[in-house]
file final.cif (mmCIF, C-alpha atoms)
data_model
loop_
_atom_site.group_PDB
_atom_site.id
_atom_site.type_symbol
_atom_site.label_atom_id
_atom_site.label_comp_id
_atom_site.auth_asym_id
_atom_site.auth_seq_id
_atom_site.Cartn_x
_atom_site.Cartn_y
_atom_site.Cartn_z
ATOM 1 C CA MET A 1 91.972 70.564 87.694
ATOM 2 C CA ASN A 2 94.439 73.434 87.581
ATOM 3 C CA ARG A 3 94.837 75.077 90.997
ATOM 4 C CA PHE A 4 95.945 78.361 89.496
ATOM 5 C CA LYS A 5 93.922 80.729 87.347
ATOM 6 C CA ALA A 6 95.457 81.731 84.058
ATOM 7 C CA SER A 7 96.553 85.346 84.094
ATOM 8 C CA LYS A 8 94.658 87.688 81.790
ATOM 9 C CA PHE A 9 98.015 89.304 81.007
ATOM 10 C CA ARG A 10 99.663 86.100 79.738
ATOM 11 C CA HIS A 11 99.570 87.195 76.099
ATOM 12 C CA THR A 12 100.525 90.824 76.629
ATOM 13 C CA GLU A 13 103.709 92.257 75.200
ATOM 14 C CA ALA A 14 105.459 95.591 75.248
ATOM 15 C CA ARG A 15 104.980 97.790 72.210
ATOM 16 C CA LEU A 16 107.308 100.610 71.321
ATOM 17 C CA PRO A 17 105.652 103.963 70.668
ATOM 18 C CA ARG A 18 105.776 105.488 67.213
ATOM 19 C CA ARG A 19 109.144 106.978 66.309
ATOM 20 C CA GLU A 20 107.718 110.508 66.315
ATOM 21 C CA ALA A 21 106.904 110.004 70.005
ATOM 22 C CA TRP A 22 110.520 109.156 70.887
ATOM 23 C CA ILE A 23 112.656 111.656 72.778
ATOM 24 C CA SER A 24 115.977 111.801 70.956
ATOM 25 C CA GLY A 25 119.112 113.909 71.110
ATOM 26 C CA ILE A 26 119.501 113.481 74.875
ATOM 27 C CA ARG A 27 123.046 113.770 76.191
ATOM 28 C CA ALA A 28 122.667 112.064 79.550
ATOM 29 C CA GLY A 29 125.393 111.899 82.151
ATOM 30 C CA SER A 30 126.877 108.781 83.736
ATOM 31 C CA VAL A 31 127.938 110.147 87.112
ATOM 32 C CA PRO A 32 128.055 107.310 89.675
ATOM 33 C CA SER A 33 125.707 107.915 92.611
ATOM 34 C CA CYS A 34 123.380 106.057 94.975
ATOM 35 C CA GLY A 35 120.319 107.956 93.773
ATOM 36 C CA ASN A 36 118.153 108.255 90.681
ATOM 37 C CA HIS A 37 119.458 109.072 87.223
ATOM 38 C CA VAL A 38 116.020 109.615 85.694
ATOM 39 C CA LYS A 39 112.663 110.475 87.269
ATOM 40 C CA ALA A 40 109.269 111.505 85.898
ATOM 41 C CA SER A 41 106.108 113.184 87.092
ATOM 42 C CA CYS A 42 102.869 113.554 85.116
ATOM 43 C CA ARG A 43 104.329 116.705 83.513
ATOM 44 C CA TRP A 44 108.121 116.444 83.322
ATOM 45 C CA ILE A 45 111.005 114.004 82.878
ATOM 46 C CA ALA A 46 114.256 114.872 84.675
ATOM 47 C CA PHE A 47 117.601 113.177 84.049
ATOM 48 C CA ASN A 48 121.294 113.652 84.856
ATOM 49 C CA ALA A 49 123.016 115.732 82.186
ATOM 50 C CA GLU A 50 126.680 115.616 81.203
ATOM 51 C CA ALA A 51 127.629 118.769 83.085
ATOM 52 C CA ALA A 52 128.041 118.443 86.851
ATOM 53 C CA GLY A 53 125.219 120.067 88.808
ATOM 54 C CA VAL A 54 122.842 120.167 85.806
ATOM 55 C CA LEU A 55 119.637 118.230 85.121
ATOM 56 C CA GLY A 56 118.020 117.807 81.741
ATOM 57 C CA ILE A 57 114.291 118.630 81.761
ATOM 58 C CA VAL A 58 111.879 117.363 79.093
ATOM 59 C CA PRO A 59 108.072 117.785 79.012
ATOM 60 C CA LEU A 60 106.251 114.469 79.129
ATOM 61 C CA GLU A 61 103.710 115.635 76.555
ATOM 62 C CA CYS A 62 104.581 117.843 73.599
ATOM 63 C CA GLU A 63 102.161 120.620 72.651
ATOM 64 C CA ASP A 64 100.296 120.516 69.313
ATOM 65 C CA GLY A 65 102.219 117.440 68.216
ATOM 66 C CA GLY A 66 105.461 119.418 68.028
ATOM 67 C CA LYS A 67 108.949 118.321 68.943
ATOM 68 C CA ARG A 68 109.884 118.207 72.626
ATOM 69 C CA THR A 69 112.381 120.803 73.780
ATOM 70 C CA ILE A 70 115.157 119.679 76.116
ATOM 71 C CA SER A 71 115.994 122.317 78.717
ATOM 72 C CA GLN A 72 118.727 122.519 81.320
ATOM 73 C CA LEU A 73 118.123 123.139 85.004
ATOM 74 C CA CYS A 74 121.336 124.429 86.591
ATOM 75 C CA CYS A 75 120.785 123.098 90.098
ATOM 76 C CA HIS A 76 123.999 122.872 92.067
ATOM 77 C CA SER A 77 127.679 123.734 92.123
ATOM 78 C CA ASP A 78 128.584 120.020 92.229
ATOM 79 C CA VAL A 79 127.184 116.663 91.074
ATOM 80 C CA VAL A 80 123.428 116.119 91.438
ATOM 81 C CA THR A 81 123.305 112.856 93.396
ATOM 82 C CA ASP A 82 119.539 112.302 93.610
ATOM 83 C CA PHE A 83 116.201 113.966 92.815
ATOM 84 C CA ASP A 84 112.500 113.281 93.288
ATOM 85 C CA PHE A 85 109.125 114.751 92.278
ATOM 86 C CA SER A 86 106.496 115.435 94.931
ATOM 87 C CA PRO A 87 103.524 113.015 94.787
ATOM 88 C CA PHE A 88 101.259 115.960 95.741
ATOM 89 C CA ASP A 89 102.551 118.514 93.223
ATOM 90 C CA GLN A 90 103.762 117.291 89.825
ATOM 91 C CA LEU A 91 105.720 120.507 89.261
ATOM 92 C CA LEU A 92 107.702 120.323 92.512
ATOM 93 C CA LEU A 93 111.183 118.811 92.172
ATOM 94 C CA ALA A 94 113.684 118.255 95.006
ATOM 95 C CA THR A 95 117.392 117.804 94.225
ATOM 96 C CA GLY A 96 120.338 116.749 96.376
ATOM 97 C CA SER A 97 123.998 117.269 95.609
ATOM 98 C CA ALA A 98 127.584 116.619 96.563
ATOM 99 C CA ASP A 99 127.709 120.346 97.398
ATOM 100 C CA GLU A 100 125.898 119.348 100.654
ATOM 101 C CA THR A 101 122.656 121.175 99.860
ATOM 102 C CA VAL A 102 119.081 120.175 99.063
ATOM 103 C CA LYS A 103 117.056 122.440 96.783
ATOM 104 C CA VAL A 104 113.370 122.497 95.890
ATOM 105 C CA TRP A 105 112.333 123.771 92.457
ATOM 106 C CA ARG A 106 108.968 124.688 90.947
ATOM 107 C CA LEU A 107 108.938 123.781 87.267
ATOM 108 C CA PRO A 108 106.659 125.702 84.883
ATOM 109 C CA GLU A 109 103.284 124.492 83.658
ATOM 110 C CA GLY A 110 104.517 124.597 80.092
ATOM 111 C CA GLY A 111 105.645 127.175 77.559
ATOM 112 C CA GLN A 112 107.430 129.139 80.278
ATOM 113 C CA ASP A 113 111.081 129.574 81.125
ATOM 114 C CA ILE A 114 112.876 127.102 83.397
ATOM 115 C CA PRO A 115 113.444 128.771 86.800
ATOM 116 C CA GLY A 116 116.826 130.355 87.334
ATOM 117 C CA GLY A 117 116.829 129.809 91.093
ATOM 118 C CA ALA A 118 115.473 127.371 93.649
ATOM 119 C CA GLY A 119 112.394 128.203 95.662
ATOM 120 C CA LEU A 120 113.972 126.680 98.764
ATOM 121 C CA THR A 121 117.512 125.688 99.795
ATOM 122 C CA LEU A 122 118.344 123.499 102.793
ATOM 123 C CA GLY A 123 121.956 123.414 103.986
ATOM 124 C CA PRO A 124 124.799 123.267 103.425
ATOM 125 C CA GLY A 125 125.264 120.429 105.871
ATOM 126 C CA GLU A 126 128.311 118.487 106.992
ATOM 127 C CA ALA A 127 128.349 115.843 104.220
ATOM 128 C CA PRO A 128 127.261 115.371 100.596
ATOM 129 C CA VAL A 129 123.601 114.476 100.134
ATOM 130 C CA ASP A 130 123.410 110.873 98.898
ATOM 131 C CA ALA A 131 119.671 110.176 98.532
ATOM 132 C CA LEU A 132 116.285 111.804 99.058
ATOM 133 C CA GLN A 133 112.612 110.915 98.756
ATOM 134 C CA PHE A 134 109.311 112.698 99.321
ATOM 135 C CA HIS A 135 106.917 111.233 101.883
ATOM 136 C CA PRO A 136 104.170 109.330 100.008
ATOM 137 C CA THR A 137 101.208 110.411 102.173
ATOM 138 C CA ALA A 138 102.226 113.649 103.925
ATOM 139 C CA ASP A 139 102.567 116.782 101.791
ATOM 140 C CA ALA A 140 105.816 118.806 101.993
ATOM 141 C CA VAL A 141 107.715 116.146 103.978
ATOM 142 C CA LEU A 142 111.079 115.091 102.558
ATOM 143 C CA ALA A 143 113.652 112.549 103.795
ATOM 144 C CA THR A 144 117.309 113.137 102.908
ATOM 145 C CA SER A 145 120.455 111.164 103.697
ATOM 146 C CA ALA A 146 123.913 112.668 104.137
ATOM 147 C CA GLY A 147 126.832 110.749 105.600
ATOM 148 C CA LYS A 148 125.505 108.581 108.456
ATOM 149 C CA ARG A 149 122.343 110.614 109.032
ATOM 150 C CA VAL A 150 118.794 110.705 107.671
ATOM 151 C CA THR A 151 116.902 113.961 108.164
ATOM 152 C CA VAL A 152 113.133 114.187 107.757
ATOM 153 C CA TRP A 153 112.262 117.773 106.773
ATOM 154 C CA ASP A 154 109.112 119.854 107.016
ATOM 155 C CA LEU A 155 109.537 121.939 103.863
ATOM 156 C CA GLY A 156 106.791 124.357 104.888
ATOM 157 C CA GLN A 157 108.575 125.226 108.140
ATOM 158 C CA GLN A 158 112.030 124.701 106.573
ATOM 159 C CA GLN A 159 113.207 122.731 109.594
ATOM 160 C CA PRO A 160 113.838 119.070 110.545
ATOM 161 C CA LEU A 161 111.029 117.014 112.010
ATOM 162 C CA THR A 162 113.454 114.327 113.197
ATOM 163 C CA VAL A 163 117.011 113.085 112.650
ATOM 164 C CA LEU A 164 117.776 109.352 112.353
ATOM 165 C CA ASP A 165 121.473 108.974 113.098
ATOM 166 C CA SER A 166 121.924 105.407 114.383
ATOM 167 C CA HIS A 167 123.851 104.272 111.297
ATOM 168 C CA GLY A 168 127.348 102.835 111.557
ATOM 169 C CA ASP A 169 128.637 104.049 108.195
ATOM 170 C CA GLN A 170 127.677 105.979 105.076
ATOM 171 C CA LEU A 171 124.087 105.562 103.930
ATOM 172 C CA GLN A 172 123.428 104.038 100.523
ATOM 173 C CA SER A 173 119.655 104.251 100.087
ATOM 174 C CA LEU A 174 116.392 105.114 101.800
ATOM 175 C CA THR A 175 112.784 104.332 100.966
ATOM 176 C CA TRP A 176 109.388 105.152 102.462
ATOM 177 C CA LYS A 177 106.752 102.466 102.819
ATOM 178 C CA ARG A 178 103.751 103.339 100.664
ATOM 179 C CA ASP A 179 101.572 104.238 103.666
ATOM 180 C CA GLY A 180 104.352 106.460 105.051
ATOM 181 C CA HIS A 181 104.514 104.745 108.448
ATOM 182 C CA LEU A 182 107.989 103.216 108.063
ATOM 183 C CA LEU A 183 111.300 104.208 106.494
ATOM 184 C CA GLY A 184 113.902 101.651 105.398
ATOM 185 C CA THR A 185 117.603 102.376 104.937
ATOM 186 C CA SER A 186 120.658 100.490 103.692
ATOM 187 C CA CYS A 187 124.145 101.377 104.785
ATOM 188 C CA LYS A 188 127.795 100.693 104.038
ATOM 189 C CA ASP A 189 128.016 98.806 107.350
ATOM 190 C CA LYS A 190 125.991 96.094 105.502
ATOM 191 C CA LYS A 191 122.885 96.529 107.657
ATOM 192 C CA LEU A 192 119.275 97.196 106.722
ATOM 193 C CA ARG A 193 117.345 99.287 109.228
ATOM 194 C CA ILE A 194 113.660 99.993 109.696
ATOM 195 C CA PHE A 195 112.550 103.247 111.348
ATOM 196 C CA ASP A 196 109.247 104.582 112.571
ATOM 197 C CA PRO A 197 110.188 108.287 112.522
ATOM 198 C CA ARG A 198 107.133 109.238 114.588
ATOM 199 C CA ALA A 199 108.141 106.922 117.447
ATOM 200 C CA GLY A 200 111.729 108.099 117.823
ATOM 201 C CA PRO A 201 115.146 108.436 116.149
ATOM 202 C CA ALA A 202 116.345 104.882 116.891
ATOM 203 C CA ALA A 203 115.865 102.017 114.452
ATOM 204 C CA SER A 204 113.045 99.685 115.455
ATOM 205 C CA GLN A 205 114.720 96.770 113.634
ATOM 206 C CA SER A 206 118.074 96.066 111.972
ATOM 207 C CA VAL A 207 119.593 93.047 110.257
ATOM 208 C CA LEU A 208 122.660 92.130 108.207
ATOM 209 C CA GLY A 209 121.600 92.740 104.620
ATOM 210 C CA HIS A 210 124.290 91.778 102.109
ATOM 211 C CA ASP A 211 127.781 90.418 102.794
ATOM 212 C CA ASN A 212 129.450 92.986 100.535
ATOM 213 C CA ASN A 213 129.427 96.708 101.355
ATOM 214 C CA LYS A 214 129.101 97.803 97.727
ATOM 215 C CA ASP A 215 126.067 99.977 96.947
ATOM 216 C CA SER A 216 122.681 98.477 97.764
ATOM 217 C CA ARG A 217 119.135 99.684 97.084
ATOM 218 C CA LEU A 218 115.823 99.108 98.869
ATOM 219 C CA LEU A 219 112.258 98.987 97.567
ATOM 220 C CA TRP A 220 108.980 98.267 99.360
ATOM 221 C CA MET A 221 106.631 95.786 97.667
ATOM 222 C CA GLY A 222 103.531 97.924 97.261
ATOM 223 C CA SER A 223 101.583 98.339 100.503
ATOM 224 C CA SER A 224 102.800 95.058 101.994
ATOM 225 C CA ASP A 225 105.281 94.553 104.838
ATOM 226 C CA CYS A 226 107.814 93.040 102.422
ATOM 227 C CA LEU A 227 111.011 94.842 101.459
ATOM 228 C CA ILE A 228 113.287 94.072 98.508
ATOM 229 C CA SER A 229 117.015 94.750 98.718
ATOM 230 C CA VAL A 230 119.444 94.624 95.784
ATOM 231 C CA GLY A 231 123.124 94.350 96.650
ATOM 232 C CA PHE A 232 126.174 92.096 96.377
ATOM 233 C CA SER A 233 127.250 88.858 98.026
ATOM 234 C CA GLN A 234 130.651 88.200 99.566
ATOM 235 C CA MET A 235 131.777 86.828 96.175
ATOM 236 C CA ARG A 236 130.654 90.090 94.509
ATOM 237 C CA GLU A 237 127.644 88.471 92.875
ATOM 238 C CA ARG A 238 124.703 90.764 92.391
ATOM 239 C CA GLU A 239 121.770 89.455 94.417
ATOM 240 C CA VAL A 240 118.184 90.221 95.389
ATOM 241 C CA LYS A 241 116.759 89.502 98.832
ATOM 242 C CA LEU A 242 113.176 89.597 100.062
ATOM 243 C CA TRP A 243 112.490 90.541 103.680
ATOM 244 C CA ASP A 244 109.427 90.389 105.920
ATOM 245 C CA THR A 245 109.728 93.526 108.057
ATOM 246 C CA ARG A 246 107.288 92.186 110.653
ATOM 247 C CA LYS A 247 110.132 89.900 111.762
ATOM 248 C CA LEU A 248 113.393 91.111 110.263
ATOM 249 C CA SER A 249 115.537 88.154 111.365
ATOM 250 C CA GLY A 250 116.584 86.782 107.987
ATOM 251 C CA ALA A 251 115.786 87.006 104.308
ATOM 252 C CA MET A 252 112.726 85.077 103.120
ATOM 253 C CA PHE A 253 114.251 84.627 99.678
ATOM 254 C CA THR A 254 117.645 85.180 97.991
ATOM 255 C CA MET A 255 118.366 85.107 94.271
ATOM 256 C CA ALA A 256 121.703 85.656 92.508
ATOM 257 C CA LEU A 257 121.389 87.820 89.378
ATOM 258 C CA ASP A 258 124.840 87.871 87.827
ATOM 259 C CA THR A 259 128.535 88.200 88.584
ATOM 260 C CA SER A 260 129.984 91.677 88.924
ATOM 261 C CA PRO A 261 133.236 92.219 86.976
ATOM 262 C CA GLY A 262 134.923 93.946 89.891
#

call {"tool": "encode", "arguments": {"input": "final.cif", "output": "structure tokens"}}
result
Amino acid sequence: MNRFKASKFRHTEARLPRREAWISGIRAGSVPSCGNHVKASCRWIAFNAEAAGVLGIVPLECEDGGKRTISQLCCHSDVVTDFDFSPFDQLLLATGSADETVKVWRLPEGGQDIPGGAGLTLGPGEAPVDALQFHPTADAVLATSAGKRVTVWDLGQQQPLTVLDSHGDQLQSLTWKRDGHLLGTSCKDKKLRIFDPRAGPAASQSVLGHDNNKDSRLLWMGSSDCLISVGFSQMREREVKLWDTRKLSGAMFTMALDTSPG
């Protein structure tokens, strides 16, 4: 008798939408950064454009079956390194930049002009902003990384709630756990760190992540205590590691993906 139940999704396959539903004519940028290059809410899709400091903005749904209009949001005076939509407000977009500022934008409902200025600007700081992410369960709370420091902001009060600065080198990524209790970071010093920002600014756990200090990214596995890291081995092979953050002493699982050309 088979121990495992057959998945009800075993015969599913991806289907491309009709061609009239495609979004074409996009001139996306290829600026290297640690953050996102495309992000979507229930209303808008944002992506890096060719010009530095500019995001392309496309409505997720077109009105009356018409063609989608691609607009430009002139955000910063330098490269947009990362951006994120608020999980509490699908029109609220935060952007970070190499110009050392973070800006918060309110996009229109639809059929209105793209805003010419940010609703809120934080900074400039002392280093380019590398990554940012809204808190998943607390409204108007935003984590940003710049240099060796993560700042958790209260956007309503426009001031930091806490600063996490126990990193040994430049930050590469940050990610909130889905319940918002923990924050994970990866750093150029090759370490992964776990923070409970409510308990204090020091990392509660840290461990050597990947043997190579090239860019790495972190992702929580749903609501579990498991964390996925994507980085590079000492031989420059791209690899994925799975961690149990309840005891962050070593990776539970490591898988090589490919060999990087450089």

call {"tool": "resolve_selection", "arguments": {"input": "final.cif", "expression": "the PyMOL selection byres ((chain A and resi 249) around 9)", "output": "PDB file with C-alpha atoms, in the coordinates of the input"}}
result
ATOM      1  CA  GLN A 205     114.720  96.770 113.634  1.00  0.00           C
ATOM      2  CA  SER A 206     118.074  96.066 111.972  1.00  0.00           C
ATOM      3  CA  VAL A 207     119.593  93.047 110.257  1.00  0.00           C
ATOM      4  CA  LEU A 208     122.660  92.130 108.207  1.00  0.00           C
ATOM      5  CA  TRP A 243     112.490  90.541 103.680  1.00  0.00           C
ATOM      6  CA  ASP A 244     109.427  90.389 105.920  1.00  0.00           C
ATOM      7  CA  THR A 245     109.728  93.526 108.057  1.00  0.00           C
ATOM      8  CA  LYS A 247     110.132  89.900 111.762  1.00  0.00           C
ATOM      9  CA  LEU A 248     113.393  91.111 110.263  1.00  0.00           C
ATOM     10  CA  GLY A 250     116.584  86.782 107.987  1.00  0.00           C
ATOM     11  CA  ALA A 251     115.786  87.006 104.308  1.00  0.00           C
TER      12      ALA A 251
END

call {"tool": "residues_around", "arguments": {"input": "final.cif", "residues": "range 73-85 of chain A", "least_positions_apart": "6", "cutoff": "9 Å", "atoms": "only C-alpha atoms", "output": "mmCIF file with C-alpha atoms, in the frame of the given file"}}
result
data_model
loop_
_atom_site.group_PDB
_atom_site.id
_atom_site.type_symbol
_atom_site.label_atom_id
_atom_site.label_comp_id
_atom_site.auth_asym_id
_atom_site.auth_seq_id
_atom_site.Cartn_x
_atom_site.Cartn_y
_atom_site.Cartn_z
ATOM 1 C CA VAL A 31 127.938 110.147 87.112
ATOM 2 C CA PRO A 32 128.055 107.310 89.675
ATOM 3 C CA SER A 33 125.707 107.915 92.611
ATOM 4 C CA CYS A 34 123.380 106.057 94.975
ATOM 5 C CA GLY A 35 120.319 107.956 93.773
ATOM 6 C CA ASN A 36 118.153 108.255 90.681
ATOM 7 C CA HIS A 37 119.458 109.072 87.223
ATOM 8 C CA VAL A 38 116.020 109.615 85.694
ATOM 9 C CA LYS A 39 112.663 110.475 87.269
ATOM 10 C CA ALA A 40 109.269 111.505 85.898
ATOM 11 C CA SER A 41 106.108 113.184 87.092
ATOM 12 C CA ALA A 46 114.256 114.872 84.675
ATOM 13 C CA PHE A 47 117.601 113.177 84.049
ATOM 14 C CA ASN A 48 121.294 113.652 84.856
ATOM 15 C CA ALA A 51 127.629 118.769 83.085
ATOM 16 C CA ALA A 52 128.041 118.443 86.851
ATOM 17 C CA GLY A 53 125.219 120.067 88.808
ATOM 18 C CA VAL A 54 122.842 120.167 85.806
ATOM 19 C CA LEU A 55 119.637 118.230 85.121
ATOM 20 C CA GLY A 56 118.020 117.807 81.741
ATOM 21 C CA ILE A 57 114.291 118.630 81.761
ATOM 22 C CA LEU A 91 105.720 120.507 89.261
ATOM 23 C CA LEU A 92 107.702 120.323 92.512
ATOM 24 C CA LEU A 93 111.183 118.811 92.172
ATOM 25 C CA ALA A 94 113.684 118.255 95.006
ATOM 26 C CA THR A 95 117.392 117.804 94.225
ATOM 27 C CA GLY A 96 120.338 116.749 96.376
ATOM 28 C CA SER A 97 123.998 117.269 95.609
ATOM 29 C CA ALA A 98 127.584 116.619 96.563
ATOM 30 C CA ASP A 99 127.709 120.346 97.398
ATOM 31 C CA GLU A 100 125.898 119.348 100.654
ATOM 32 C CA THR A 101 122.656 121.175 99.860
ATOM 33 C CA VAL A 102 119.081 120.175 99.063
ATOM 34 C CA LYS A 103 117.056 122.440 96.783
ATOM 35 C CA TRP A 105 112.333 123.771 92.457
ATOM 36 C CA ILE A 114 112.876 127.102 83.397
ATOM 37 C CA PRO A 115 113.444 128.771 86.800
ATOM 38 C CA GLY A 116 116.826 130.355 87.334
ATOM 39 C CA GLY A 117 116.829 129.809 91.093
ATOM 40 C CA ALA A 118 115.473 127.371 93.649
ATOM 41 C CA PRO A 128 127.261 115.371 100.596
ATOM 42 C CA VAL A 129 123.601 114.476 100.134
ATOM 43 C CA ASP A 130 123.410 110.873 98.898
ATOM 44 C CA ALA A 131 119.671 110.176 98.532
ATOM 45 C CA LEU A 132 116.285 111.804 99.058
ATOM 46 C CA GLN A 133 112.612 110.915 98.756
ATOM 47 C CA PHE A 134 109.311 112.698 99.321
#

call {"tool": "closest_residue", "arguments": {"input": "final.cif", "among": "A:Ile45, A:Gln90, A:Arg246, A:Ser233", "to": "Asp258 in chain A", "atoms": "all atoms listed in the file"}}
result
A:Ser233

call {"tool": "residues_near_point", "arguments": {"input": "final.cif", "point": "(129.3, 93.5, 106.2)", "cutoff": "10 Å", "atoms": "only C-alpha atoms", "output": "VMD selection string"}}
result
chain A and resid 187 to 191 208 to 214 233 to 234

call {"tool": "closest_residue", "arguments": {"input": "final.cif", "among": "A:His135, A:Pro108, A:Thr185, A:Leu161", "to": "Lys148 in chain A", "atoms": "all atoms listed in the file"}}
result
A:Thr185

call {"tool": "atom_distance", "arguments": {"input": "final.cif", "atom1": "CA of Leu122 in chain A", "atom2": "CA of Leu183 in chain A"}}
result
20.9 Å

call {"tool": "resolve_selection", "arguments": {"input": "final.cif", "expression": "the PyMOL selection byres ((chain A and resi 195) around 7)", "output": "list in words"}}
result
Leu182, Leu183, Gly184, Arg193, Ile194, Asp196, Pro197, Ala202, Ala203 and Ser204 of chain A

call {"tool": "closest_residue", "arguments": {"input": "final.cif", "among": "A:Trp44, A:Trp22, A:Trp153, A:Trp176", "to": "Leu227 in chain A", "atoms": "all atoms listed in the file"}}
result
A:Trp176

call {"tool": "atom_distance", "arguments": {"input": "final.cif", "atom1": "CA of Gly200 in chain A", "atom2": "CA of Arg149 in chain A"}}
result
14.0 Å

call {"tool": "resolve_selection", "arguments": {"input": "final.cif", "expression": "the PyMOL selection byres ((chain A and resi 157) around 12)", "output": "JSON, numbers by chain"}}
result
{"A": [120, 122, 140, 141, 142, 152, 153, 154, 155, 156, 158, 159, 160, 161]}

call {"tool": "atom_distance", "arguments": {"input": "final.cif", "atom1": "CA of Ala127 in chain A", "atom2": "CA of Gly147 in chain A"}}
result
5.5 Å

call {"tool": "closest_residue", "arguments": {"input": "final.cif", "among": "A:Arg236, A:Arg178, A:Lys241, A:Arg10", "to": "Gly222 in chain A", "atoms": "all atoms listed in the file"}}
result
A:Arg178

call {"tool": "decode", "arguments": {"input": "final.cif", "residues": "range 160-216 of chain A", "atoms": "C-alpha atoms", "output": "PDB file, in the first residue's frame"}}
result
ATOM      1  CA  PRO A 160      13.062  54.690  13.840  1.00  0.00           C
ATOM      2  CA  LEU A 161      11.602  52.111  16.182  1.00  0.00           C
ATOM      3  CA  THR A 162      14.949  50.317  16.485  1.00  0.00           C
ATOM      4  CA  VAL A 163      18.335  50.036  14.766  1.00  0.00           C
ATOM      5  CA  LEU A 164      20.008  46.640  14.244  1.00  0.00           C
ATOM      6  CA  ASP A 165      23.688  47.355  13.689  1.00  0.00           C
ATOM      7  CA  SER A 166      25.544  44.194  14.761  1.00  0.00           C
ATOM      8  CA  HIS A 167      26.607  43.313  11.208  1.00  0.00           C
ATOM      9  CA  GLY A 168      30.257  42.911  10.270  1.00  0.00           C
ATOM     10  CA  ASP A 169      29.976  44.078   6.664  1.00  0.00           C
ATOM     11  CA  GLN A 170      27.542  45.346   4.049  1.00  0.00           C
ATOM     12  CA  LEU A 171      24.057  43.857   4.194  1.00  0.00           C
ATOM     13  CA  GLN A 172      22.800  41.871   1.221  1.00  0.00           C
ATOM     14  CA  SER A 173      19.199  41.009   2.093  1.00  0.00           C
ATOM     15  CA  LEU A 174      16.566  41.127   4.809  1.00  0.00           C
ATOM     16  CA  THR A 175      13.273  39.316   5.256  1.00  0.00           C
ATOM     17  CA  TRP A 176      10.462  39.335   7.813  1.00  0.00           C
ATOM     18  CA  LYS A 177       8.981  36.087   9.057  1.00  0.00           C
ATOM     19  CA  ARG A 178       5.327  35.889   8.047  1.00  0.00           C
ATOM     20  CA  ASP A 179       4.078  36.467  11.607  1.00  0.00           C
ATOM     21  CA  GLY A 180       6.388  39.489  11.954  1.00  0.00           C
ATOM     22  CA  HIS A 181       8.131  38.238  15.102  1.00  0.00           C
ATOM     23  CA  LEU A 182      11.579  37.677  13.565  1.00  0.00           C
ATOM     24  CA  LEU A 183      13.764  39.361  10.959  1.00  0.00           C
ATOM     25  CA  GLY A 184      16.493  37.507   9.055  1.00  0.00           C
ATOM     26  CA  THR A 185      19.466  39.155   7.359  1.00  0.00           C
ATOM     27  CA  SER A 186      22.360  38.050   5.158  1.00  0.00           C
ATOM     28  CA  CYS A 187      25.599  39.955   4.997  1.00  0.00           C
ATOM     29  CA  LYS A 188      28.841  40.212   3.057  1.00  0.00           C
ATOM     30  CA  ASP A 189      30.660  38.805   6.105  1.00  0.00           C
ATOM     31  CA  LYS A 190      29.022  35.471   5.067  1.00  0.00           C
ATOM     32  CA  LYS A 191      26.797  35.268   8.147  1.00  0.00           C
ATOM     33  CA  LEU A 192      23.050  34.833   8.493  1.00  0.00           C
ATOM     34  CA  ARG A 193      21.519  36.568  11.496  1.00  0.00           C
ATOM     35  CA  ILE A 194      18.149  36.294  13.187  1.00  0.00           C
ATOM     36  CA  PHE A 195      16.742  39.278  15.103  1.00  0.00           C
ATOM     37  CA  ASP A 196      13.778  39.786  17.371  1.00  0.00           C
ATOM     38  CA  PRO A 197      13.537  43.583  16.988  1.00  0.00           C
ATOM     39  CA  ARG A 198      11.180  43.877  19.965  1.00  0.00           C
ATOM     40  CA  ALA A 199      13.685  42.227  22.322  1.00  0.00           C
ATOM     41  CA  GLY A 200      16.698  44.363  21.449  1.00  0.00           C
ATOM     42  CA  PRO A 201      19.135  45.439  18.712  1.00  0.00           C
ATOM     43  CA  ALA A 202      21.484  42.438  19.018  1.00  0.00           C
ATOM     44  CA  ALA A 203      21.091  39.316  16.901  1.00  0.00           C
ATOM     45  CA  SER A 204      19.550  36.423  18.813  1.00  0.00           C
ATOM     46  CA  GLN A 205      21.313  33.900  16.543  1.00  0.00           C
ATOM     47  CA  SER A 206      23.998  33.964  13.844  1.00  0.00           C
ATOM     48  CA  VAL A 207      25.684  31.310  11.727  1.00  0.00           C
ATOM     49  CA  LEU A 208      28.047  31.053   8.761  1.00  0.00           C
ATOM     50  CA  GLY A 209      25.752  30.981   5.745  1.00  0.00           C
ATOM     51  CA  HIS A 210      27.639  30.532   2.474  1.00  0.00           C
ATOM     52  CA  ASP A 211      31.399  30.245   1.937  1.00  0.00           C
ATOM     53  CA  ASN A 212      31.427  32.924  -0.766  1.00  0.00           C
ATOM     54  CA  ASN A 213      30.594  36.565  -0.003  1.00  0.00           C
ATOM     55  CA  LYS A 214      28.807  37.153  -3.310  1.00  0.00           C
ATOM     56  CA  ASP A 215      25.192  38.332  -3.021  1.00  0.00           C
ATOM     57  CA  SER A 216      22.843  36.063  -1.095  1.00  0.00           C
TER      58      SER A 216
END
